[in-house]
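Below: structure.pdb (PDB, C-alpha atoms and all ligand atoms)
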```pdb
ATOM      1  CA  MET J 208      15.089   0.868  -6.598  1.00  0.00           C
ATOM      2  CA  GLY J 209      12.184   2.053  -8.755  1.00  0.00           C
ATOM      3  CA  ARG J 210      10.122  -1.064  -8.247  1.00  0.00           C
ATOM      4  CA  LYS J 211      11.031  -1.249  -4.572  1.00  0.00           C
ATOM      5  CA  LEU J 212       9.723   2.284  -4.119  1.00  0.00           C
ATOM      6  CA  LEU J 213       6.451   1.336  -5.807  1.00  0.00           C
ATOM      7  CA  ALA J 214       6.129  -1.550  -3.354  1.00  0.00           C
ATOM      8  CA  ASP J 215       7.175   0.479  -0.314  1.00  0.00           C
ATOM      9  CA  PRO J 216       7.200   4.282  -0.773  1.00  0.00           C
ATOM     10  CA  GLU J 217       8.617   4.772   2.721  1.00  0.00           C
ATOM     11  CA  LEU J 218      11.717   2.722   1.953  1.00  0.00           C
ATOM     12  CA  ALA J 219      13.999   5.738   1.478  1.00  0.00           C
ATOM     13  CA  GLU J 220      12.778   7.363   4.674  1.00  0.00           C
ATOM     14  CA  GLN J 221      13.371   4.137   6.577  1.00  0.00           C
ATOM     15  CA  ALA J 222      16.890   3.908   5.180  1.00  0.00           C
ATOM     16  CA  ARG J 223      17.526   7.532   6.140  1.00  0.00           C
ATOM     17  CA  ARG J 224      16.431   6.723   9.678  1.00  0.00           C
ATOM     18  CA  LYS J 225      18.521   3.538   9.551  1.00  0.00           C
ATOM     19  CA  ARG J 226      15.508   1.364  10.257  1.00  0.00           C
ATOM     20  CA  PRO J 227      15.418  -2.152   8.885  1.00  0.00           C
ATOM     21  CA  ALA J 228      13.290  -2.642   5.778  1.00  0.00           C
ATOM     22  CA  ARG J 229       9.753  -3.858   6.339  1.00  0.00           C
ATOM     23  CA  ASP J 230       8.411  -6.992   4.753  1.00  0.00           C
ATOM     24  CA  PRO J 231       7.185  -7.551   2.138  1.00  0.00           C
ATOM     25  CA  PRO J 232       9.181  -5.379  -0.223  1.00  0.00           C
ATOM     26  CA  CYS J 233       9.009  -5.838  -3.976  1.00  0.00           C
ATOM     27  CA  ILE J 234       8.595  -9.496  -4.929  1.00  0.00           C
ATOM     28  CA  TYR J 235       9.790  -8.888  -8.533  1.00  0.00           C
ATOM     29  CA  CYS J 236       6.551 -10.152 -10.051  1.00  0.00           C
ATOM     30  CA  HIS J 237       6.669  -7.454 -12.810  1.00  0.00           C
ATOM     31  CA  VAL J 238       2.961  -6.671 -12.624  1.00  0.00           C
ATOM     32  CA  CYS J 239       3.857  -2.960 -12.624  1.00  0.00           C
ATOM     33  CA  VAL J 240       6.195  -3.320 -15.599  1.00  0.00           C
ATOM     34  CA  THR J 241       3.689  -5.365 -17.586  1.00  0.00           C
ATOM     35  CA  ARG J 242       0.937  -2.821 -16.920  1.00  0.00           C
ATOM     36  CA  SER J 243       3.152   0.040 -18.071  1.00  0.00           C
ATOM     37  CA  PHE J 244       3.884  -1.811 -21.338  1.00  0.00           C
ATOM     38  CA  LEU J 245       0.130  -2.140 -21.816  1.00  0.00           C
ATOM     39  CA  ASN J 246      -0.452   1.570 -21.054  1.00  0.00           C
ATOM     40  CA  ARG J 247      -2.555   0.660 -18.044  1.00  0.00           C
ATOM     41  CA  HIS J 248      -2.884   2.554 -14.758  1.00  0.00           C
ATOM     42  CA  ILE J 249       0.152   1.890 -12.560  1.00  0.00           C
ATOM     43  CA  ALA J 250      -0.379  -0.769  -9.926  1.00  0.00           C
ATOM     44  CA  CYS J 251       1.691  -2.903  -7.607  1.00  0.00           C
ATOM     45  CA  ALA J 252       0.937  -6.450  -6.511  1.00  0.00           C
ATOM     46  CA  VAL J 253       1.952  -5.833  -2.891  1.00  0.00           C
ATOM     47  CA  ASN J 254       0.991  -2.168  -2.442  1.00  0.00           C
ATOM     48  CA  PRO J 255      -2.654  -1.451  -3.293  1.00  0.00           C
ATOM     49  CA  SER J 256      -2.086   2.282  -2.763  1.00  0.00           C
ATOM     50  CA  THR J 257       0.380   2.585  -5.632  1.00  0.00           C
ATOM     51  CA  GLY J 258      -1.141   4.945  -8.186  1.00  0.00           C
ATOM     52  CA  ARG J 259      -3.984   5.808  -5.814  1.00  0.00           C
ATOM     53  CA  GLU J 260      -2.085   7.909  -3.312  1.00  0.00           C
ATOM     54  CA  ALA J 261      -4.290  10.964  -3.828  1.00  0.00           C
ATOM     55  CA  GLN J 262      -7.455   8.935  -3.198  1.00  0.00           C
ATOM     56  CA  ASP J 263      -5.976   7.392  -0.045  1.00  0.00           C
ATOM     57  CA  ALA J 264      -4.966  10.848   1.203  1.00  0.00           C
ATOM     58  CA  LEU J 265      -8.626  11.906   1.060  1.00  0.00           C
ATOM     59  CA  ILE J 266      -9.596   9.361   3.715  1.00  0.00           C
ATOM     60  CA  GLY J 267      -9.970  11.438   6.861  1.00  0.00           C
ATOM     61  CA  PRO J 268     -10.853  10.386  10.376  1.00  0.00           C
ATOM     62  CA  ALA J 269     -14.252   8.730  10.803  1.00  0.00           C
ATOM     63  CA  GLU J 270     -16.975  10.818  12.447  1.00  0.00           C
ATOM     64  CA  ARG J 271     -17.919   7.754  14.440  1.00  0.00           C
ATOM     65  CA  ARG J 272     -15.464   4.914  14.909  1.00  0.00           C
ATOM     66  CA  LYS J 273     -16.930   1.493  14.346  1.00  0.00           C
ATOM     67  CA  ARG J 274     -15.889  -2.035  15.019  1.00  0.00           C
ATOM     68  CA  VAL J 275     -15.325  -3.805  11.703  1.00  0.00           C
ATOM     69  CA  VAL J 276     -15.197  -7.569  11.252  1.00  0.00           C
ATOM     70  CA  VAL J 277     -13.109  -8.790   8.339  1.00  0.00           C
ATOM     71  CA  VAL J 278     -13.767 -12.393   7.413  1.00  0.00           C
ATOM     72  CA  GLY J 279     -10.730 -13.912   5.762  1.00  0.00           C
ATOM     73  CA  GLY J 280      -7.034 -13.229   6.090  1.00  0.00           C
ATOM     74  CA  GLY J 281      -6.083 -13.267   2.422  1.00  0.00           C
ATOM     75  CA  PRO J 282      -4.894 -10.235   0.464  1.00  0.00           C
ATOM     76  CA  ALA J 283      -8.429  -8.833   0.080  1.00  0.00           C
ATOM     77  CA  GLY J 284      -9.183  -9.246   3.787  1.00  0.00           C
ATOM     78  CA  LEU J 285      -5.905  -7.649   4.811  1.00  0.00           C
ATOM     79  CA  GLU J 286      -6.527  -4.721   2.480  1.00  0.00           C
ATOM     80  CA  ALA J 287     -10.066  -4.322   3.814  1.00  0.00           C
ATOM     81  CA  ALA J 288      -8.669  -4.219   7.354  1.00  0.00           C
ATOM     82  CA  ARG J 289      -5.996  -1.711   6.347  1.00  0.00           C
ATOM     83  CA  VAL J 290      -8.475   0.618   4.646  1.00  0.00           C
ATOM     84  CA  ALA J 291     -10.941   0.334   7.543  1.00  0.00           C
ATOM     85  CA  ALA J 292      -8.205   1.185  10.052  1.00  0.00           C
ATOM     86  CA  GLN J 293      -7.129   4.325   8.154  1.00  0.00           C
ATOM     87  CA  PRO J 294     -10.052   6.470   9.342  1.00  0.00           C
ATOM     88  CA  GLY J 295      -9.836   4.934  12.817  1.00  0.00           C
ATOM     89  CA  HIS J 296     -12.219   1.993  12.769  1.00  0.00           C
ATOM     90  CA  ARG J 297     -11.267  -1.004  14.863  1.00  0.00           C
TER      91      ARG J 297
HETATM   92  S1  LIG E   1       4.169  -4.960  -9.037  1.00  0.00           S
HETATM   93 FE1  LIG E   1       5.578  -6.581  -8.445  1.00  0.00          FE
HETATM   94  S2  LIG E   1       7.513  -6.010  -9.447  1.00  0.00           S
HETATM   95 FE2  LIG E   1       6.233  -4.195  -9.456  1.00  0.00          FE
HETATM   96  S3  LIG E   1       6.843  -3.065  -7.615  1.00  0.00           S
HETATM   97 FE3  LIG E   1       5.073  -4.326  -7.079  1.00  0.00          FE
HETATM   98  S4  LIG E   1       5.917  -6.232  -6.264  1.00  0.00           S
HETATM   99 FE4  LIG E   1       7.557  -5.176  -7.375  1.00  0.00          FE
END
```
Give the structure from this file in C-alpha cells form.
Amino acid sequence: MGRKLLADPELAEQARRKRPARDPPCIYCHVCVTRSFLNRHIACAVNPSTGREAQDALIGPAERRKRVVVVGGGPAGLEAARVAAQPGHR
C-alpha cells in the first residue's frame, strides 16, 4: 500500500468512495525504494508530484489563461500538459 500511495495519493479516498482505481497505479519499478536506499529525495516514476506536493500546492490560478501547445505525447509532454492545466491554461 505504501508504494501505491506514492503513485496515487488519492487511492484511499477513491476506495472510501467506492470508485474504481485509476490507471496507472504503482508499476513496481522500485525507483522510490532505490532512491530511499541512496538517501535521495523521494520520487515516483509515475507520479511527478511525489515529494513535491508543497510546491504543486503553490500553483494558483493564472492571472491570464493561455493556450499552450505541447509537442509530444511522452511522459515529459504529458507532465507539461498537466502542469500547464493546473493554473487553468488550455
Ligand atoms: S517509483 Fe515505482 S515502485 Fe515506487 S511508487 Fe512509483 S511506480 Fe511504484
Expansion of the PyMOL selection byres (((not hetatm)) within 9 of (chain E and resi 1)) into residues, as an NGL selection string: :J and (209-215 or 231-242 or 249-254 or 257)
Exercise: Ala283 of chain J partners within 12 Å, only C-alpha atoms, chain neighbours under 4 positions left out, as a PyMOL selection string: chain J and resi 252-255+277-279+287-290
Given the PyMOL selection byres (((chain J and resi 295) around 7) and not hetatm), the residues it picks as a list in words: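 When the PyMOL selection byres (((chain J and resi 295) around 7) and not hetatm) is applied to the shown file, the picked residues are Pro268, Ala269, Arg272, Ala292, Gln293, Pro294, His296 and Arg297 of chain J.
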Length of the atom CA of Gly267 of chain J to atom CA of Ala291 of chain J vector [Å]: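 We find that atom CA of Gly267 of chain J and atom CA of Ala291 of chain J lie 11.2 Å from each other.
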With N, CA, C and O atoms as the target, complete segment 212-236 of chain J and hand it back as a PDB file, in the coordinates of the input.
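Saved result, selection.pdb, follows:
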```pdb
ATOM      1  N   LEU J 212      10.440   1.101  -4.611  1.00  0.00           N
ATOM      2  CA  LEU J 212       9.723   2.284  -4.119  1.00  0.00           C
ATOM      3  C   LEU J 212       8.235   2.216  -4.442  1.00  0.00           C
ATOM      4  O   LEU J 212       7.419   2.760  -3.696  1.00  0.00           O
ATOM      5  N   LEU J 213       7.881   1.548  -5.538  1.00  0.00           N
ATOM      6  CA  LEU J 213       6.451   1.336  -5.807  1.00  0.00           C
ATOM      7  C   LEU J 213       5.861   0.419  -4.740  1.00  0.00           C
ATOM      8  O   LEU J 213       4.748   0.622  -4.273  1.00  0.00           O
ATOM      9  N   ALA J 214       6.623  -0.587  -4.346  1.00  0.00           N
ATOM     10  CA  ALA J 214       6.129  -1.550  -3.354  1.00  0.00           C
ATOM     11  C   ALA J 214       6.116  -0.955  -1.947  1.00  0.00           C
ATOM     12  O   ALA J 214       5.246  -1.263  -1.144  1.00  0.00           O
ATOM     13  N   ASP J 215       7.096  -0.106  -1.653  1.00  0.00           N
ATOM     14  CA  ASP J 215       7.175   0.479  -0.314  1.00  0.00           C
ATOM     15  C   ASP J 215       7.689   1.912  -0.424  1.00  0.00           C
ATOM     16  O   ASP J 215       8.890   2.162  -0.371  1.00  0.00           O
ATOM     17  N   PRO J 216       6.784   2.889  -0.578  1.00  0.00           N
ATOM     18  CA  PRO J 216       7.200   4.282  -0.773  1.00  0.00           C
ATOM     19  C   PRO J 216       7.982   4.862   0.402  1.00  0.00           C
ATOM     20  O   PRO J 216       8.649   5.866   0.249  1.00  0.00           O
ATOM     21  N   GLU J 217       7.906   4.244   1.552  1.00  0.00           N
ATOM     22  CA  GLU J 217       8.617   4.772   2.721  1.00  0.00           C
ATOM     23  C   GLU J 217      10.004   4.168   2.873  1.00  0.00           C
ATOM     24  O   GLU J 217      10.685   4.408   3.873  1.00  0.00           O
ATOM     25  N   LEU J 218      10.427   3.404   1.891  1.00  0.00           N
ATOM     26  CA  LEU J 218      11.717   2.722   1.953  1.00  0.00           C
ATOM     27  C   LEU J 218      12.875   3.692   2.146  1.00  0.00           C
ATOM     28  O   LEU J 218      13.741   3.482   2.998  1.00  0.00           O
ATOM     29  N   ALA J 219      12.901   4.778   1.372  1.00  0.00           N
ATOM     30  CA  ALA J 219      13.999   5.738   1.478  1.00  0.00           C
ATOM     31  C   ALA J 219      14.026   6.404   2.855  1.00  0.00           C
ATOM     32  O   ALA J 219      15.095   6.587   3.447  1.00  0.00           O
ATOM     33  N   GLU J 220      12.835   6.739   3.351  1.00  0.00           N
ATOM     34  CA  GLU J 220      12.778   7.363   4.674  1.00  0.00           C
ATOM     35  C   GLU J 220      13.253   6.406   5.755  1.00  0.00           C
ATOM     36  O   GLU J 220      13.952   6.792   6.689  1.00  0.00           O
ATOM     37  N   GLN J 221      12.905   5.135   5.610  1.00  0.00           N
ATOM     38  CA  GLN J 221      13.371   4.137   6.577  1.00  0.00           C
ATOM     39  C   GLN J 221      14.881   3.989   6.517  1.00  0.00           C
ATOM     40  O   GLN J 221      15.533   3.853   7.555  1.00  0.00           O
ATOM     41  N   ALA J 222      15.445   4.012   5.321  1.00  0.00           N
ATOM     42  CA  ALA J 222      16.890   3.908   5.180  1.00  0.00           C
ATOM     43  C   ALA J 222      17.567   5.130   5.795  1.00  0.00           C
ATOM     44  O   ALA J 222      18.591   5.012   6.469  1.00  0.00           O
ATOM     45  N   ARG J 223      16.958   6.312   5.567  1.00  0.00           N
ATOM     46  CA  ARG J 223      17.526   7.532   6.140  1.00  0.00           C
ATOM     47  C   ARG J 223      17.546   7.444   7.666  1.00  0.00           C
ATOM     48  O   ARG J 223      18.490   7.867   8.311  1.00  0.00           O
ATOM     49  N   ARG J 224      16.500   6.860   8.221  1.00  0.00           N
ATOM     50  CA  ARG J 224      16.431   6.723   9.678  1.00  0.00           C
ATOM     51  C   ARG J 224      17.143   5.468  10.184  1.00  0.00           C
ATOM     52  O   ARG J 224      17.058   5.137  11.357  1.00  0.00           O
ATOM     53  N   LYS J 225      17.771   4.759   9.245  1.00  0.00           N
ATOM     54  CA  LYS J 225      18.521   3.538   9.551  1.00  0.00           C
ATOM     55  C   LYS J 225      17.652   2.497  10.247  1.00  0.00           C
ATOM     56  O   LYS J 225      18.080   1.807  11.160  1.00  0.00           O
ATOM     57  N   ARG J 226      16.400   2.409   9.763  1.00  0.00           N
ATOM     58  CA  ARG J 226      15.508   1.364  10.257  1.00  0.00           C
ATOM     59  C   ARG J 226      15.554   0.192   9.291  1.00  0.00           C
ATOM     60  O   ARG J 226      15.678   0.397   8.084  1.00  0.00           O
ATOM     61  N   PRO J 227      15.422  -1.004   9.805  1.00  0.00           N
ATOM     62  CA  PRO J 227      15.418  -2.152   8.885  1.00  0.00           C
ATOM     63  C   PRO J 227      14.203  -2.119   7.972  1.00  0.00           C
ATOM     64  O   PRO J 227      13.148  -1.618   8.344  1.00  0.00           O
ATOM     65  N   ALA J 228      14.378  -2.633   6.756  1.00  0.00           N
ATOM     66  CA  ALA J 228      13.290  -2.642   5.778  1.00  0.00           C
ATOM     67  C   ALA J 228      12.154  -3.516   6.281  1.00  0.00           C
ATOM     68  O   ALA J 228      12.360  -4.536   6.919  1.00  0.00           O
ATOM     69  N   ARG J 229      10.923  -3.066   5.958  1.00  0.00           N
ATOM     70  CA  ARG J 229       9.753  -3.858   6.339  1.00  0.00           C
ATOM     71  C   ARG J 229       9.511  -4.927   5.291  1.00  0.00           C
ATOM     72  O   ARG J 229       9.881  -4.795   4.148  1.00  0.00           O
ATOM     73  N   ASP J 230       8.843  -5.960   5.699  1.00  0.00           N
ATOM     74  CA  ASP J 230       8.411  -6.992   4.753  1.00  0.00           C
ATOM     75  C   ASP J 230       6.955  -6.745   4.433  1.00  0.00           C
ATOM     76  O   ASP J 230       6.201  -6.290   5.270  1.00  0.00           O
ATOM     77  N   PRO J 231       6.441  -7.056   3.284  1.00  0.00           N
ATOM     78  CA  PRO J 231       7.185  -7.551   2.138  1.00  0.00           C
ATOM     79  C   PRO J 231       7.575  -6.402   1.220  1.00  0.00           C
ATOM     80  O   PRO J 231       6.743  -5.587   0.879  1.00  0.00           O
ATOM     81  N   PRO J 232       8.807  -6.354   0.814  1.00  0.00           N
ATOM     82  CA  PRO J 232       9.181  -5.379  -0.223  1.00  0.00           C
ATOM     83  C   PRO J 232       8.783  -5.936  -1.590  1.00  0.00           C
ATOM     84  O   PRO J 232       8.026  -6.897  -1.655  1.00  0.00           O
ATOM     85  N   CYS J 233       9.303  -5.379  -2.613  1.00  0.00           N
ATOM     86  CA  CYS J 233       9.009  -5.838  -3.976  1.00  0.00           C
ATOM     87  C   CYS J 233       9.323  -7.334  -4.118  1.00  0.00           C
ATOM     88  O   CYS J 233      10.361  -7.808  -3.672  1.00  0.00           O
ATOM     89  N   ILE J 234       8.391  -8.058  -4.720  1.00  0.00           N
ATOM     90  CA  ILE J 234       8.595  -9.496  -4.929  1.00  0.00           C
ATOM     91  C   ILE J 234       9.002  -9.796  -6.372  1.00  0.00           C
ATOM     92  O   ILE J 234       9.016 -10.948  -6.788  1.00  0.00           O
ATOM     93  N   TYR J 235       9.288  -8.750  -7.154  1.00  0.00           N
ATOM     94  CA  TYR J 235       9.790  -8.888  -8.533  1.00  0.00           C
ATOM     95  C   TYR J 235       8.828  -9.667  -9.426  1.00  0.00           C
ATOM     96  O   TYR J 235       9.251 -10.456 -10.257  1.00  0.00           O
ATOM     97  N   CYS J 236       7.541  -9.437  -9.245  1.00  0.00           N
ATOM     98  CA  CYS J 236       6.551 -10.152 -10.051  1.00  0.00           C
ATOM     99  C   CYS J 236       6.346  -9.486 -11.412  1.00  0.00           C
ATOM    100  O   CYS J 236       5.786 -10.086 -12.316  1.00  0.00           O
TER     101      CYS J 236
END
```
